[in-house]
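Enquirer: Sharing run.csv (CSV, C-alpha atoms) below.
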```csv
chain,number,residue,atom,x,y,z
A,1,MET,CA,-46.0,139.2,39.5
A,2,ALA,CA,-44.7,138.6,35.9
A,3,THR,CA,-41.2,138.0,37.3
A,4,LEU,CA,-42.6,135.4,39.7
A,5,PHE,CA,-44.4,133.7,36.8
A,6,TRP,CA,-41.2,133.5,34.7
A,7,VAL,CA,-39.0,132.3,37.6
A,8,MET,CA,-41.5,129.6,38.4
A,9,THR,CA,-42.0,128.5,34.8
A,10,CYS,CA,-38.2,128.4,34.0
A,11,GLY,CA,-37.4,126.6,37.3
A,12,GLY,CA,-40.2,124.1,36.7
A,13,ALA,CA,-39.0,123.5,33.1
A,14,LEU,CA,-35.4,122.9,34.3
A,15,ILE,CA,-36.5,120.4,36.9
A,16,TRP,CA,-38.8,118.7,34.4
A,17,ALA,CA,-36.0,118.5,31.8
A,18,GLY,CA,-33.6,117.1,34.4
A,19,THR,CA,-36.2,114.4,35.5
A,20,VAL,CA,-36.9,113.4,31.9
A,21,ALA,CA,-33.1,113.2,31.1
A,22,VAL,CA,-32.5,111.0,34.1
A,23,LEU,CA,-35.5,108.8,33.1
A,24,LEU,CA,-34.1,108.4,29.6
A,25,TYR,CA,-30.7,107.6,31.0
A,26,ALA,CA,-32.2,105.0,33.3
A,27,VAL,CA,-34.2,103.3,30.4
A,28,ARG,CA,-31.1,103.1,28.1
A,29,ARG,CA,-28.5,102.0,30.7
A,30,ARG,CA,-27.9,98.2,30.6
A,31,THR,CA,-25.9,97.6,33.8
A,32,LEU,CA,-27.2,98.1,37.3
A,33,TYR,CA,-26.0,100.5,40.0
A,34,SER,CA,-25.3,99.1,43.4
A,35,GLU,CA,-27.9,99.4,46.1
A,36,PRO,CA,-26.0,101.9,48.2
A,37,ALA,CA,-25.4,104.1,45.2
A,38,ALA,CA,-29.2,104.0,44.5
A,39,SER,CA,-29.9,104.9,48.1
A,40,ARG,CA,-27.5,107.8,47.9
A,41,LEU,CA,-29.2,109.1,44.8
A,42,ILE,CA,-32.6,108.8,46.5
A,43,PHE,CA,-31.3,110.7,49.5
A,44,TRP,CA,-29.6,113.5,47.6
A,45,ALA,CA,-31.9,113.9,44.6
A,46,GLY,CA,-35.1,112.8,46.3
A,47,ALA,CA,-34.9,114.4,49.7
A,48,VAL,CA,-32.1,117.0,50.1
A,49,PHE,CA,-32.6,118.7,46.7
A,50,PRO,CA,-36.4,119.1,46.9
A,51,ALA,CA,-36.1,120.3,50.5
A,52,ILE,CA,-33.6,123.0,49.6
A,53,THR,CA,-35.5,124.0,46.4
A,54,LEU,CA,-38.7,124.3,48.4
A,55,ILE,CA,-37.1,126.4,51.1
A,56,LEU,CA,-35.6,128.7,48.5
A,57,LEU,CA,-38.9,129.0,46.6
A,58,LEU,CA,-40.8,129.7,49.9
A,59,GLY,CA,-38.1,132.3,50.8
A,60,TYR,CA,-38.5,133.9,47.4
A,61,ALA,CA,-42.3,134.0,47.7
A,62,LEU,CA,-42.1,135.5,51.2
A,63,TRP,CA,-39.6,138.0,50.1
A,64,LEU,CA,-42.1,139.2,47.5
A,65,MET,CA,-44.9,139.4,50.0
A,66,PRO,CA,-44.4,142.8,51.6
A,67,SER,CA,-44.7,144.4,48.2
A,68,LEU,CA,-47.9,142.6,47.4
A,69,ARG,CA,-49.5,143.4,50.8
A,70,PRO,CA,-48.0,146.5,52.1
A,71,LEU,CA,-47.9,146.7,55.8
A,72,ALA,CA,-49.4,149.6,57.7
A,73,GLN,CA,-47.2,152.6,57.5
A,74,PRO,CA,-48.4,155.1,60.2
A,75,GLY,CA,-48.7,158.6,59.0
A,76,ALA,CA,-48.4,157.9,55.2
A,77,PRO,CA,-51.4,159.5,53.5
A,78,THR,CA,-52.9,156.9,51.3
A,79,LEU,CA,-56.1,156.5,49.4
A,80,ARG,CA,-58.4,153.9,50.9
A,81,ILE,CA,-61.4,152.7,49.0
A,82,GLU,CA,-64.1,151.0,51.0
A,83,VAL,CA,-66.3,148.7,48.9
A,84,THR,CA,-69.4,147.1,50.4
A,85,GLY,CA,-71.2,144.3,48.5
A,86,ARG,CA,-75.0,144.5,48.5
A,87,GLN,CA,-77.5,142.4,46.6
A,88,TYR,CA,-76.8,143.3,43.7
A,89,TRP,CA,-74.6,146.4,43.7
A,90,TRP,CA,-71.5,147.9,45.3
A,91,ARG,CA,-71.3,150.8,47.6
A,92,VAL,CA,-68.0,152.6,47.1
A,93,ILE,CA,-66.6,155.1,49.6
A,94,TYR,CA,-63.3,157.0,49.0
A,95,ARG,CA,-61.5,157.8,52.2
A,96,GLN,CA,-58.5,160.1,52.4
A,97,PRO,CA,-57.1,161.5,55.6
A,98,GLY,CA,-58.2,165.1,56.1
A,99,THR,CA,-61.1,165.1,53.7
A,100,PRO,CA,-64.7,164.0,54.1
A,101,PRO,CA,-65.4,160.6,52.5
A,102,VAL,CA,-66.9,160.5,49.1
A,103,VAL,CA,-69.8,158.1,48.6
A,104,SER,CA,-70.4,156.5,45.2
A,105,ALA,CA,-71.6,153.2,43.8
A,106,ASN,CA,-70.9,150.7,41.1
A,107,GLU,CA,-67.9,152.4,39.7
A,108,ILE,CA,-64.4,152.6,41.1
A,109,ARG,CA,-61.8,155.2,39.9
A,110,LEU,CA,-58.2,154.7,40.6
A,111,PRO,CA,-55.1,156.8,40.1
A,112,VAL,CA,-52.6,155.1,37.7
A,113,GLY,CA,-49.3,154.1,39.3
A,114,GLU,CA,-50.4,154.6,42.9
A,115,ARG,CA,-51.1,151.8,45.3
A,116,VAL,CA,-54.7,151.9,46.5
A,117,GLU,CA,-55.9,149.9,49.5
A,118,PHE,CA,-59.3,148.4,49.4
A,119,THR,CA,-61.4,147.6,52.4
A,120,LEU,CA,-63.9,145.0,51.4
A,121,LYS,CA,-67.2,144.4,53.3
A,122,SER,CA,-70.6,143.0,52.8
A,123,ASP,CA,-74.0,144.0,54.3
A,124,ASP,CA,-75.9,140.9,53.4
A,125,VAL,CA,-74.4,137.7,51.9
A,126,ILE,CA,-70.9,136.7,50.8
A,127,HIS,CA,-69.8,138.5,47.6
A,128,SER,CA,-66.4,138.5,46.0
A,129,PHE,CA,-64.5,141.4,44.6
A,130,TRP,CA,-62.4,140.9,41.6
A,131,ILE,CA,-60.8,143.1,38.9
A,132,PRO,CA,-59.1,140.5,36.9
A,133,ALA,CA,-57.0,143.0,35.0
A,134,LEU,CA,-55.5,144.4,38.2
A,135,GLY,CA,-55.1,141.5,40.6
A,136,GLY,CA,-56.5,138.5,42.4
A,137,LYS,CA,-60.0,138.3,44.0
A,138,MET,CA,-61.0,138.7,47.6
A,139,ASP,CA,-64.2,137.6,49.3
A,140,MET,CA,-66.5,140.2,51.0
A,141,ILE,CA,-67.8,138.5,54.1
A,142,PRO,CA,-70.6,139.9,56.3
A,143,GLY,CA,-69.1,141.1,59.6
A,144,ARG,CA,-65.5,141.1,58.4
A,145,GLU,CA,-63.2,143.6,56.8
A,146,ASN,CA,-60.9,142.2,54.2
A,147,ARG,CA,-58.0,144.2,52.7
A,148,LEU,CA,-56.8,144.2,49.2
A,149,SER,CA,-54.1,146.3,47.7
A,150,LEU,CA,-54.0,147.1,44.0
A,151,ARG,CA,-52.0,149.2,41.6
A,152,ALA,CA,-53.1,150.1,38.1
A,153,THR,CA,-50.2,150.4,35.8
A,154,LYS,CA,-51.9,151.8,32.8
A,155,PRO,CA,-55.1,153.9,32.2
A,156,GLY,CA,-58.2,152.2,31.1
A,157,THR,CA,-61.6,150.8,32.1
A,158,PHE,CA,-61.5,147.3,33.5
A,159,ARG,CA,-64.6,145.2,34.4
A,160,GLY,CA,-65.0,143.7,37.8
A,161,PRO,CA,-67.6,141.0,38.3
A,162,CYS,CA,-69.0,139.6,41.6
A,163,THR,CA,-67.3,136.2,41.8
A,164,GLU,CA,-69.2,134.5,44.6
A,165,PHE,CA,-72.8,133.4,44.0
A,166,CYS,CA,-74.9,135.9,45.9
A,167,GLY,CA,-78.4,135.3,44.7
A,168,THR,CA,-80.7,135.5,41.6
A,169,SER,CA,-78.9,138.4,40.0
A,170,HIS,CA,-75.4,137.4,40.9
A,171,ALA,CA,-74.5,137.3,37.2
A,172,LEU,CA,-75.8,140.8,36.8
A,173,MET,CA,-73.7,142.3,39.6
A,174,ALA,CA,-70.6,144.0,38.2
A,175,PHE,CA,-68.8,147.3,38.2
A,176,SER,CA,-66.2,149.1,36.2
A,177,ALA,CA,-62.8,150.2,37.5
A,178,VAL,CA,-61.5,153.3,35.7
A,179,ALA,CA,-57.8,153.9,36.0
A,180,MET,CA,-57.0,157.6,35.4
A,181,GLU,CA,-53.9,159.7,35.4
A,182,PRO,CA,-53.3,160.9,39.0
A,183,ALA,CA,-53.9,164.6,38.3
A,184,GLU,CA,-57.1,163.8,36.5
A,185,PHE,CA,-58.1,161.5,39.3
A,186,ARG,CA,-57.5,164.2,42.0
A,187,GLN,CA,-59.6,166.6,39.9
A,188,TRP,CA,-62.4,164.1,39.6
A,189,LEU,CA,-62.3,163.3,43.3
A,190,ALA,CA,-62.5,167.0,44.2
A,191,GLY,CA,-65.5,167.3,42.0
A,192,GLN,CA,-67.2,164.4,43.8
A,193,HIS,CA,-67.0,166.4,47.1
A,194,VAL,CA,-69.5,169.0,45.8
A,195,PRO,CA,-73.1,168.3,44.7
A,196,SER,CA,-73.7,168.1,41.0
A,197,ALA,CA,-74.6,171.4,39.4
A,198,GLY,CA,-77.9,169.9,38.2
A,199,ALA,CA,-79.0,168.7,41.6
A,200,THR,CA,-81.9,171.2,41.8
A,201,GLY,CA,-84.9,171.5,39.5
A,202,THR,CA,-88.2,169.8,38.6
A,203,GLY,CA,-86.6,166.3,38.6
A,204,ALA,CA,-85.3,166.8,42.1
A,205,ARG,CA,-88.8,167.7,43.4
A,206,LEU,CA,-90.3,164.7,41.7
A,207,PHE,CA,-87.5,162.5,43.0
A,208,ILE,CA,-88.4,163.6,46.6
A,209,ARG,CA,-92.1,163.6,46.1
A,210,HIS,CA,-92.2,160.0,44.8
A,211,GLY,CA,-90.2,158.8,47.8
A,212,CYS,CA,-87.0,157.9,46.0
A,213,GLY,CA,-84.9,159.7,48.7
A,214,ALA,CA,-85.9,157.1,51.2
A,215,CYS,CA,-83.4,154.7,49.7
A,216,HIS,CA,-81.2,156.8,47.5
A,217,ALA,CA,-79.0,159.8,48.4
A,218,VAL,CA,-78.3,162.7,46.1
A,219,ALA,CA,-76.0,165.3,47.4
A,220,GLY,CA,-77.5,168.8,47.4
A,221,THR,CA,-81.1,167.5,47.9
A,222,GLU,CA,-83.1,166.2,50.8
A,223,ALA,CA,-82.6,162.7,49.5
A,224,THR,CA,-80.3,160.9,52.0
A,225,GLY,CA,-81.3,157.3,51.9
A,226,MET,CA,-78.6,154.7,52.4
A,227,LEU,CA,-80.4,151.5,51.4
A,228,GLY,CA,-79.8,151.9,47.7
A,229,PRO,CA,-76.9,153.2,45.6
A,230,ASP,CA,-75.8,156.8,46.0
A,231,LEU,CA,-76.9,158.7,42.9
A,232,SER,CA,-75.2,162.0,43.5
A,233,HIS,CA,-73.2,161.9,40.2
A,234,LEU,CA,-75.0,159.1,38.4
A,235,GLY,CA,-74.8,160.9,35.0
A,236,SER,CA,-71.1,160.6,34.9
A,237,ARG,CA,-70.9,156.9,35.5
A,238,GLU,CA,-70.3,154.6,32.5
A,239,THR,CA,-72.8,152.0,33.3
A,240,LEU,CA,-76.2,151.6,35.0
A,241,GLY,CA,-77.6,148.9,37.3
A,242,ALA,CA,-74.2,147.8,38.6
A,243,GLY,CA,-72.4,147.3,35.3
A,244,ILE,CA,-75.2,145.8,33.2
A,245,LEU,CA,-76.6,148.6,31.0
A,246,PRO,CA,-75.2,151.5,29.1
A,247,ASN,CA,-75.9,154.7,31.1
A,248,SER,CA,-78.5,156.4,29.0
A,249,GLN,CA,-81.7,158.3,29.9
A,250,ASP,CA,-83.9,155.6,28.4
A,251,ASN,CA,-82.2,152.9,30.5
A,252,ILE,CA,-82.6,155.0,33.6
A,253,ALA,CA,-86.3,155.4,32.9
A,254,ARG,CA,-86.6,151.7,32.2
A,255,PHE,CA,-84.8,150.8,35.5
A,256,ILE,CA,-87.2,153.1,37.5
A,257,ALA,CA,-90.3,151.5,35.9
A,258,GLU,CA,-89.3,147.8,36.0
A,259,PRO,CA,-86.1,147.1,37.9
A,260,ASP,CA,-87.1,143.5,38.7
A,261,VAL,CA,-87.3,142.7,34.9
A,262,ILE,CA,-83.8,144.1,34.3
A,263,LYS,CA,-82.5,142.6,37.5
A,264,PRO,CA,-84.5,139.7,39.0
A,265,GLY,CA,-84.6,139.7,42.8
A,266,VAL,CA,-83.5,143.3,43.1
A,267,GLN,CA,-84.6,145.0,46.3
A,268,MET,CA,-86.0,148.1,44.5
A,269,PRO,CA,-89.7,148.0,43.8
A,270,GLY,CA,-90.9,148.9,40.3
A,271,PHE,CA,-92.3,152.4,39.9
A,272,ASP,CA,-94.3,151.8,36.7
A,273,MET,CA,-97.4,153.3,38.4
A,274,LEU,CA,-95.8,156.7,38.2
A,275,PRO,CA,-96.9,159.0,35.3
A,276,PRO,CA,-94.6,158.4,32.4
A,277,ASP,CA,-93.8,162.0,32.2
A,278,ASP,CA,-92.6,162.0,35.8
A,279,ILE,CA,-90.4,159.0,35.1
A,280,GLU,CA,-88.9,160.7,32.1
A,281,ALA,CA,-88.3,163.9,34.1
A,282,ILE,CA,-86.6,162.0,36.9
A,283,ALA,CA,-84.5,160.0,34.4
A,284,SER,CA,-83.5,163.1,32.6
A,285,TRP,CA,-82.6,164.8,35.8
A,286,LEU,CA,-80.5,161.8,37.0
A,287,LYS,CA,-78.7,161.6,33.7
A,288,GLY,CA,-77.8,165.3,34.2
A,289,LEU,CA,-76.1,164.7,37.6
A,290,LYS,CA,-72.6,164.8,36.3
B,291,MET,CA,-17.3,108.5,74.1
B,292,VAL,CA,-19.5,111.5,73.7
B,293,TRP,CA,-22.6,109.2,73.5
B,294,ARG,CA,-22.3,108.5,77.2
B,295,PHE,CA,-23.5,112.0,77.9
B,296,LEU,CA,-26.7,111.5,76.0
B,297,PRO,CA,-29.8,110.0,77.8
B,298,PRO,CA,-29.9,106.2,77.9
B,299,GLN,CA,-31.9,104.4,75.3
B,300,VAL,CA,-35.6,104.3,76.1
B,301,GLU,CA,-37.6,101.5,74.7
B,302,SER,CA,-40.9,103.3,74.1
B,303,LEU,CA,-42.9,104.1,71.1
B,304,TRP,CA,-43.4,107.7,72.4
B,305,THR,CA,-39.9,108.8,71.4
B,306,LEU,CA,-41.0,108.4,67.8
B,307,PHE,CA,-43.2,111.5,68.2
B,308,THR,CA,-40.7,113.8,69.9
B,309,ALA,CA,-39.7,115.7,66.8
B,310,PRO,CA,-43.3,116.1,65.3
B,311,VAL,CA,-44.5,117.3,68.8
B,312,VAL,CA,-41.7,119.9,68.9
B,313,TRP,CA,-42.7,121.0,65.4
B,314,ALA,CA,-46.4,121.3,66.4
B,315,ILE,CA,-45.5,123.3,69.6
B,316,HIS,CA,-43.2,125.6,67.6
B,317,PHE,CA,-45.8,126.1,65.0
B,318,LEU,CA,-48.4,127.1,67.6
B,319,ILE,CA,-46.0,129.4,69.4
B,320,CYS,CA,-45.1,131.3,66.2
B,321,TYR,CA,-48.6,131.6,64.7
B,322,VAL,CA,-50.6,132.1,67.8
B,323,GLY,CA,-48.0,134.5,69.2
B,324,ALA,CA,-47.9,136.7,66.1
B,325,ALA,CA,-51.7,136.5,65.7
B,326,VAL,CA,-52.4,137.6,69.3
B,327,PHE,CA,-49.7,140.3,69.1
B,328,CYS,CA,-51.3,141.8,65.9
B,329,ALA,CA,-54.9,141.5,67.1
B,330,LYS,CA,-54.3,143.0,70.5
B,331,PRO,CA,-52.0,146.0,70.0
B,332,GLY,CA,-52.4,147.3,73.5
B,333,LEU,CA,-51.7,144.0,75.3
B,334,PHE,CA,-47.9,144.0,74.9
B,335,ASP,CA,-45.6,146.9,75.4
B,336,VAL,CA,-43.1,145.7,72.7
B,337,ASP,CA,-42.6,146.2,69.0
B,338,PHE,CA,-42.7,143.7,66.2
B,339,GLY,CA,-39.0,143.2,66.4
B,340,ALA,CA,-39.4,141.6,69.8
B,341,VAL,CA,-41.9,139.1,68.2
B,342,ARG,CA,-39.4,138.3,65.6
B,343,ALA,CA,-36.7,137.8,68.2
B,344,GLY,CA,-39.0,135.6,70.1
B,345,ILE,CA,-39.7,133.5,67.0
B,346,ALA,CA,-36.0,133.2,66.4
B,347,PHE,CA,-35.4,132.0,69.9
B,348,ALA,CA,-38.2,129.5,69.8
B,349,THR,CA,-36.9,128.3,66.4
B,350,LEU,CA,-33.4,127.8,67.8
B,351,LEU,CA,-34.8,125.9,70.8
B,352,ALA,CA,-37.0,123.7,68.6
B,353,LEU,CA,-34.2,123.0,66.1
B,354,SER,CA,-31.9,122.0,69.0
B,355,ALA,CA,-34.5,119.7,70.5
B,356,ILE,CA,-35.2,118.1,67.1
B,357,LEU,CA,-31.4,117.7,66.5
B,358,LEU,CA,-31.1,115.9,69.9
B,359,ALA,CA,-34.0,113.7,69.1
B,360,GLY,CA,-32.5,113.0,65.7
B,361,ILE,CA,-29.1,112.1,67.2
B,362,LEU,CA,-30.7,109.7,69.7
B,363,ALA,CA,-32.7,108.1,66.9
B,364,TRP,CA,-29.5,107.8,64.9
B,365,ARG,CA,-27.9,106.0,67.8
B,366,GLN,CA,-30.9,103.7,68.1
B,367,TRP,CA,-30.7,102.9,64.5
B,368,GLY,CA,-27.1,101.9,65.1
B,369,PHE,CA,-25.6,104.9,63.2
B,370,GLY,CA,-26.8,103.3,59.9
B,371,ALA,CA,-24.9,100.1,60.4
B,372,GLY,CA,-27.7,98.0,58.9
B,373,ASP,CA,-29.9,98.7,55.9
B,374,PRO,CA,-33.7,99.1,56.1
B,375,PRO,CA,-36.4,97.7,56.0
B,376,HIS,CA,-35.6,96.1,59.4
B,377,ASP,CA,-38.7,93.9,59.2
B,378,ASP,CA,-37.6,90.7,61.0
B,379,PRO,CA,-39.9,89.9,63.9
B,380,THR,CA,-37.2,90.4,66.5
B,381,ARG,CA,-36.7,92.9,69.3
B,382,HIS,CA,-33.4,94.0,67.7
B,383,ASP,CA,-35.0,94.8,64.3
B,384,ARG,CA,-37.9,96.6,66.0
B,385,GLY,CA,-35.5,98.9,67.7
B,386,LEU,CA,-33.6,99.6,64.5
B,387,PHE,CA,-36.9,100.2,62.6
B,388,GLN,CA,-38.1,102.6,65.3
B,389,GLY,CA,-34.8,104.4,65.3
B,390,PHE,CA,-34.8,104.8,61.5
B,391,ALA,CA,-38.5,106.0,61.5
B,392,THR,CA,-37.7,108.5,64.3
B,393,LEU,CA,-34.7,109.8,62.4
B,394,LEU,CA,-36.8,110.4,59.2
B,395,LEU,CA,-39.5,112.2,61.2
B,396,ALA,CA,-36.8,114.3,62.9
B,397,GLY,CA,-35.5,115.3,59.4
B,398,LEU,CA,-39.0,116.2,58.3
B,399,SER,CA,-39.7,118.2,61.4
B,400,PHE,CA,-36.4,120.0,61.1
B,401,ILE,CA,-37.3,121.3,57.6
B,402,ALA,CA,-40.8,122.1,58.7
B,403,VAL,CA,-39.7,124.2,61.6
B,404,ILE,CA,-37.4,126.2,59.3
B,405,MET,CA,-40.3,126.7,56.9
B,406,THR,CA,-42.6,127.8,59.8
B,407,ALA,CA,-40.1,130.4,60.9
B,408,LEU,CA,-39.2,131.7,57.5
B,409,PRO,CA,-42.0,134.3,57.2
B,410,ALA,CA,-40.6,136.1,60.3
B,411,LEU,CA,-37.5,136.8,58.3
B,412,PHE,CA,-39.4,138.9,55.8
B,413,VAL,CA,-42.5,140.1,57.6
B,414,THR,CA,-41.6,143.3,59.4
B,415,GLY,CA,-44.9,144.4,60.9
B,416,CYS,CA,-48.6,143.7,61.4
B,417,LEU,CA,-51.2,144.5,58.7
B,418,ARG,CA,-53.5,146.9,60.5
```
Spell out the structure here as structure tokens.
Expert:
Amino acid sequence: MATLFWVMTCGGALIWAGTVAVLLYAVRRRTLYSEPAASRLIFWAGAVFPAITLILLLGYALWLMPSLRPLAQPGAPTLRIEVTGRQYWWRVIYRQPGTPPVVSANEIRLPVGERVEFTLKSDDVIHSFWIPALGGKMDMIPGRENRLSLRATKPGTFRGPCTEFCGTSHALMAFSAVAMEPAEFRQWLAGQHVPSAGATGTGARLFIRHGCGACHAVAGTEATGMLGPDLSHLGSRETLGAGILPNSQDNIARFIAEPDVIKPGVQMPGFDMLPPDDIEAIASWLKGLK
Amino acid sequence: MVWRFLPPQVESLWTLFTAPVVWAIHFLICYVGAAVFCAKPGLFDVDFGAVRAGIAFATLLALSAILLAGILAWRQWGFGAGDPPHDDPTRHDRGLFQGFATLLLAGLSFIAVIMTALPALFVTGCLR
């Protein structure tokens, strides 16, 4: 991508300099050229040269294309991450041949140096998926599957906002993309296959009793709802509420009590009618789901 | 003269559109063909190489047709004997103008057909 930028910039600068040089020459020259000579100039410099330049540029861009959008290679085991846009969060499913899918939400982890293919979908309205640090954006359109291929070149955490207006809390819909060393990533992904060690306990009982499991899933408990984000390993995520709050126990408790204040238009109803101790217990349990 | 083997001059406005029409048909063949091939994997019993060969064949055919249209237009223009703009209200000038315009359109269509076919040179398979 950087090469393309430099080739285009230098090529454009050369043509610009050439045009300006010819313009200055034309302004300073006193005598006139004959009409056939002018016609020849127009033909070669105004038609033939641009046509050849454009064909070469198009050829160069097309030559780059297969590496930007790798074509299907049957049999090659690749990591595929399915991201589904919802008002106002992201469902993330890691799919790898031979292993069961891993469901998560609002955070995407990638191995550094490996090309990852994203399948982008939407369950309600049009959203748009964009990690500016890693590549261009791609719309998520209901009823369609869009593909995007990205490769992180250095470790780090990159922010990804929703870039297509999707409703009241559009501006509060984001996620973080965490690029990790491949070995570390494999270890993390393997950990996601098993329920969190803290999945049982008082918090789990309260979570089920107050009906949270109707919308949220937590691996290792009876909670298997699919309407809201999967919370199986919520404690290990960096942010809360789709990239808008630091992931702390206090913020989890606040989100349970008044989600519509933090995120106007959110589908989740507020649970401020619950006893404060129960909210605290659930928040503490959720924070412990590493 | 070799020109005797070419079709006689036709005084019709329709010859003006020959090259752009060939360009349009070639465009549709390339894009619709590749799209149908990639969307319906079971429909054809050939691999993507055959699609590329088909596009190459259609391109050669289209370029030849445009070249022929261009040569006919060049002849109608009198092989560049007179200079444009050919704007006298005479039958002679009308013919020259039409020939010149047709020649320019043929040039444009020639380049456009090459650009339409260019992706097939680099794309080696469907994205599935």
Enquirer: Please provide as a list in words all residues within 10 Å of Leu358 (chain B), with the sequence filter that same-chain residues fewer than 4 positions apart are discarded (counting all atoms listed in the file).
Expert: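 Residues meeting the cut-off are Leu296, Pro297, Thr308, Ala309, Ala352, Leu353, Ser354, Leu362, Ala363, Trp364 and Ala396 of chain B.
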Enquirer: Create the file for the chosen residues now, containing C-alpha atoms and written as an mmCIF file, in the frame of the given file.
Expert:
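Result written to part-v4.cif:
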```cif
data_model
loop_
_atom_site.group_PDB
_atom_site.id
_atom_site.type_symbol
_atom_site.label_atom_id
_atom_site.label_comp_id
_atom_site.auth_asym_id
_atom_site.auth_seq_id
_atom_site.Cartn_x
_atom_site.Cartn_y
_atom_site.Cartn_z
ATOM 1 C CA LEU B 296 -26.700 111.500 76.000
ATOM 2 C CA PRO B 297 -29.800 110.000 77.800
ATOM 3 C CA THR B 308 -40.700 113.800 69.900
ATOM 4 C CA ALA B 309 -39.700 115.700 66.800
ATOM 5 C CA ALA B 352 -37.000 123.700 68.600
ATOM 6 C CA LEU B 353 -34.200 123.000 66.100
ATOM 7 C CA SER B 354 -31.900 122.000 69.000
ATOM 8 C CA LEU B 362 -30.700 109.700 69.700
ATOM 9 C CA ALA B 363 -32.700 108.100 66.900
ATOM 10 C CA TRP B 364 -29.500 107.800 64.900
ATOM 11 C CA ALA B 396 -36.800 114.300 62.900
#
```
Enquirer: Looking at all atoms listed in the file, which of A:Leu148, A:Leu189, A:Ile131, A:Val27 is the one that sits closest to chain B?
Expert: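 Among A:Leu148, A:Leu189, A:Ile131, A:Val27, it is A:Leu148 that comes nearest to chain B.
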Enquirer: Grab the CA of Pro142 (chain A) to CA of Ser122 (chain A) distance for me, in Å with one decimal place.
Expert: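 Calculated distance between CA of Pro142 (chain A) and CA of Ser122 (chain A) is 4.7 Å.
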Enquirer: Pick from A:Arg159, A:Arg80, A:Arg29, A:Arg147: nearest to chain B, with all atoms listed in the file counted?
Expert: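 For chain B, the nearest of the given residues is A:Arg147.
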Enquirer: Find the residue from B:Ala359, B:Cys328, B:Val311, B:Leu303 that sits nearest to chain A; use all atoms listed in the file when measuring.
Expert: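 Comparing B:Ala359, B:Cys328, B:Val311, B:Leu303 against chain A, the winner is B:Cys328.
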Enquirer: Provide region 372-376 of chain B rebuilt to all heavy atoms, formatted as a PDB file, in the frame of the given file.
Expert:
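This went into selection31.pdb:
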```pdb
ATOM      1  N   GLY B 372     -26.950  98.945  59.712  1.00  0.00           N
ATOM      2  CA  GLY B 372     -27.700  98.000  58.900  1.00  0.00           C
ATOM      3  C   GLY B 372     -28.586  98.727  57.911  1.00  0.00           C
ATOM      4  O   GLY B 372     -28.828  99.919  58.066  1.00  0.00           O
ATOM      5  N   ASP B 373     -29.041  98.035  56.880  1.00  0.00           N
ATOM      6  CA  ASP B 373     -29.900  98.700  55.900  1.00  0.00           C
ATOM      7  C   ASP B 373     -31.364  98.388  56.204  1.00  0.00           C
ATOM      8  O   ASP B 373     -31.704  97.317  56.688  1.00  0.00           O
ATOM      9  CB  ASP B 373     -29.570  98.137  54.497  1.00  0.00           C
ATOM     10  CG  ASP B 373     -28.289  98.772  53.975  1.00  0.00           C
ATOM     11  OD1 ASP B 373     -28.012  99.931  54.363  1.00  0.00           O
ATOM     12  OD2 ASP B 373     -27.555  98.095  53.219  1.00  0.00           O
ATOM     13  N   PRO B 374     -32.238  99.349  55.933  1.00  0.00           N
ATOM     14  CA  PRO B 374     -33.700  99.100  56.100  1.00  0.00           C
ATOM     15  C   PRO B 374     -34.064  97.954  55.140  1.00  0.00           C
ATOM     16  O   PRO B 374     -33.287  97.643  54.239  1.00  0.00           O
ATOM     17  CB  PRO B 374     -34.306 100.408  55.616  1.00  0.00           C
ATOM     18  CG  PRO B 374     -33.217 101.408  55.525  1.00  0.00           C
ATOM     19  CD  PRO B 374     -31.943 100.684  55.411  1.00  0.00           C
ATOM     20  N   PRO B 375     -35.182  97.304  55.255  1.00  0.00           N
ATOM     21  CA  PRO B 375     -36.400  97.700  56.000  1.00  0.00           C
ATOM     22  C   PRO B 375     -36.458  97.272  57.460  1.00  0.00           C
ATOM     23  O   PRO B 375     -37.433  97.633  58.101  1.00  0.00           O
ATOM     24  CB  PRO B 375     -37.495  97.160  55.181  1.00  0.00           C
ATOM     25  CG  PRO B 375     -36.942  95.912  54.580  1.00  0.00           C
ATOM     26  CD  PRO B 375     -35.490  96.170  54.365  1.00  0.00           C
ATOM     27  N   HIS B 376     -35.526  96.513  58.006  1.00  0.00           N
ATOM     28  CA  HIS B 376     -35.600  96.100  59.400  1.00  0.00           C
ATOM     29  C   HIS B 376     -36.949  95.444  59.725  1.00  0.00           C
ATOM     30  O   HIS B 376     -37.653  95.892  60.636  1.00  0.00           O
ATOM     31  CB  HIS B 376     -35.372  97.239  60.375  1.00  0.00           C
ATOM     32  CG  HIS B 376     -34.158  98.051  60.028  1.00  0.00           C
ATOM     33  ND1 HIS B 376     -32.884  97.527  60.023  1.00  0.00           N
ATOM     34  CD2 HIS B 376     -34.031  99.356  59.696  1.00  0.00           C
ATOM     35  CE1 HIS B 376     -32.028  98.476  59.694  1.00  0.00           C
ATOM     36  NE2 HIS B 376     -32.697  99.597  59.480  1.00  0.00           N
TER      37      HIS B 376
END
```
